[in-house]
Structures are given as structure tokens and as C-alpha cells.
Amino acid sequence: MRDLLRKEIKLSSSPLSFFFILFGSMFLLPGYPILCGVFFVTLGIFQSFQTAREANDLVFSALLPIAKRDVVKGKYLFVCFIEGCALLLMAAAVLLRMTVFLDSPVYRSNALMNANGFALGAAFFIFGLFNRIFVAGFFKTAYKFARPFLTYIITAFLTVCAAEALHHFPALGALNAFGTEQLGLQLGLLGAGIISYVLMTALSCAKACRRFERIDL
């Protein structure tokens with residue numbers, strides 16, 4: 001698997017996938033829907049799928065002395081690698097806003113979502129949606145990606161809008177907690193986001209493997 005990941009990084013990926021990791025730092029922006037940073041990271045990954053398709057990368061990979069399902073696993077490893085790098089950047093931004101910038105007026109007066117455990121859990125969830133909808137959807141044909149990506153865009157932005165709106169309901173105000181306020185709730189929501197990410201990624205990978213094995217390249 002390590003060799004497959006190296007192959008994806010060195011041969012199949014687009015430089016934009018690595019550049020767009022930096023959009024994880026959007027979690028530091030006040031007055032901006034920070035979860036849009038998650039979408040931009042996935043947009044960078046999409047560019048790698050587009051580049052690989054145009055270069056017939058899947059045909060090349062299938063000709064290697066590996067199982068067809070390992071081709072899919074290699075793609076998933078690359079996707080998770082990029083997402084993991086972005087999540088580390090987002091986590092660093094969340095920690096800064098929960099500690100160093102805790103009392104900064106520019107964040108305290110922000111009407112939009114605060115960077116906390118709930119926001120980071122939502123980022124995990126959206127990345128899981130990308131893996132489930134787009135990556136698995138791409139391997140339905142191993143060629144067409146417009147429809148699954150459009151479906152993902154709609155689903156992702158509906159999720160962003162819902163996450164941004166929830167804390168405005170009085171009963172759900174704790175979702176926008178600052179610092180260590182409501183820490184148990186924040187960690188619980190982060191854990192739920194991580195679990196959803198792992199489940200959606202694992203199940204979609206298994207489904208994509210089955211789909212790709214049935215395709216005659």
C-alpha cells in the first residue's frame with residue numbers, strides 16, 4: 001500500500017491537490033463560513049482525478065502486477081492522505097482559536113460558526129461525504145465524474161448551510177462554544193464526525209472495489 005500511495009503522489013496527482021491543502025487554514029478566518037475550506041480541499045483532490053483520467057492512469061495502474069481492488073485502495077489512500085493533511089491544519093487553527101485567540105474581539109463578535117470541536121467534526125463529516133459520494137461514484141464507471149461531483153457539491157453546501165444555521169437556534173447555542181466551554185459536547189461531536197468519516201470511507205471503498213472489479217477497462 002505504501003508503494004501505491006507513492007505512485008499516486010508522484011505520478012497521478014495534480015499539484016493543485018497539495019496547494020489546496022492550504023485552504024484548511026480558512027478555519028482562522030473571521031466572518032467567513034469556515035467549512036467552505038473543506039470544499040476547496042476536495043476541489044483540489046478532484047483535480048487529481050481529472051488529471052489521472054486524462055492520462056489513462058487507471059488503465060496503467062490496472063496493468064501493474066496488483067489486484068484491481070488495490071488500484072481503488074491506492075486512490076483512497078491518496079484521498080485520505082490529502083484530507084488528513086488538511087485536517088491537521090484545521091485542527092491547529094481550531095486549537096489556536098480555542099486558546100491564543102480565545103478572547104479576540106474579531107472572533108467573539110463573529111456571527112458565523114466558531115472554530116471548535118463541532119466545526120472540526122463537521123469537517124470530518126463533509127470529507128466522508130466526498131469519499132462516499134464522489135470517489136465511490138467515480139468508480140461506478142471509472143471515467144465519468146461530473147454527476148457524482150455535482151451531487152457532492154449540492155450535498156456539501158447543504159451541510160455547510162445547516163451547520164452554520166444550527167447554533168442560531170436557542171436550544172443549540174452550545175454548538176458555537178468558545179474555548180473549553182461545553183468541552184464534553186465539543187469532543188463528543190468531534191468523535192461523532194470522526195466515526196462518520198471512518199464508516200463512510202471504509203464502506204465506500206469496499207463498494208468502489210466491487211464496482212471497479214466488474215468494469216472491463
# chains A, B, ... in the order shown; residues from 1 in each chain; ligands from 1
call {"tool": "closest_atom_pairs", "arguments": {"of": "stretch 49-130 of chain A", "to": "stretch 152-167 of chain A", "cutoff": "7 Å", "atoms": "only C-alpha atoms", "output": "tab-separated table"}}
result
residue	atom	partner	partner_atom	distance
A:Leu112	CA	A:Glu164	CA	6.4
A:Met113	CA	A:Glu164	CA	5.5
A:Ile126	CA	A:Ala156	CA	6.2
A:Phe130	CA	A:Tyr152	CA	6.2
call {"tool": "write_last_selection", "arguments": {"atoms": "C-alpha atoms", "output": "PDB file, in the first residue's frame"}}
result
ATOM      1  CA  LEU A 112     -20.858  32.744  11.805  1.00  0.00           C
ATOM      2  CA  MET A 113     -19.670  29.350  13.024  1.00  0.00           C
ATOM      3  CA  ILE A 126     -18.019  16.543   4.815  1.00  0.00           C
ATOM      4  CA  PHE A 130     -16.838  13.383  -0.524  1.00  0.00           C
TER       5      PHE A 130
END
call {"tool": "residues_around", "arguments": {"residues": "A:Gly117", "least_positions_apart": "3", "cutoff": "9 Å", "atoms": "only C-alpha atoms", "output": "VMD selection string"}}
result
chain A and resid 91 94 120 to 122 175 177 183 185 to 191
call {"tool": "atom_distance", "arguments": {"atom1": "atom CA of A:Glu181", "atom2": "atom CA of A:Phe127"}}
result
25.8 Å
call {"tool": "atom_distance", "arguments": {"atom1": "atom CA of A:Met200", "atom2": "atom CA of A:Asn131"}}
result
7.0 Å
call {"tool": "closest_residue", "arguments": {"among": "A:Tyr32, A:Phe124, A:Phe149, A:Phe138", "to": "A:Ala86", "atoms": "only C-alpha atoms"}}
result
A:Phe124
call {"tool": "closest_residue", "arguments": {"among": "A:Phe134, A:Phe39, A:Phe81, A:Tyr76", "to": "A:Ala202", "atoms": "only C-alpha atoms"}}
result
A:Tyr76
call {"tool": "atom_distance", "arguments": {"atom1": "atom CA of A:Lys68", "atom2": "atom CA of A:Leu203"}}
result
17.2 Å
call {"tool": "select_by_dssp", "arguments": {"residues": "chain A", "states": "helix (DSSP H, G or I)", "output": "PyMOL selection string"}}
result
chain A and resi 2-12+15-28+36-54+57-62+68-98+105-108+117-138+146-166+170-176+183-214
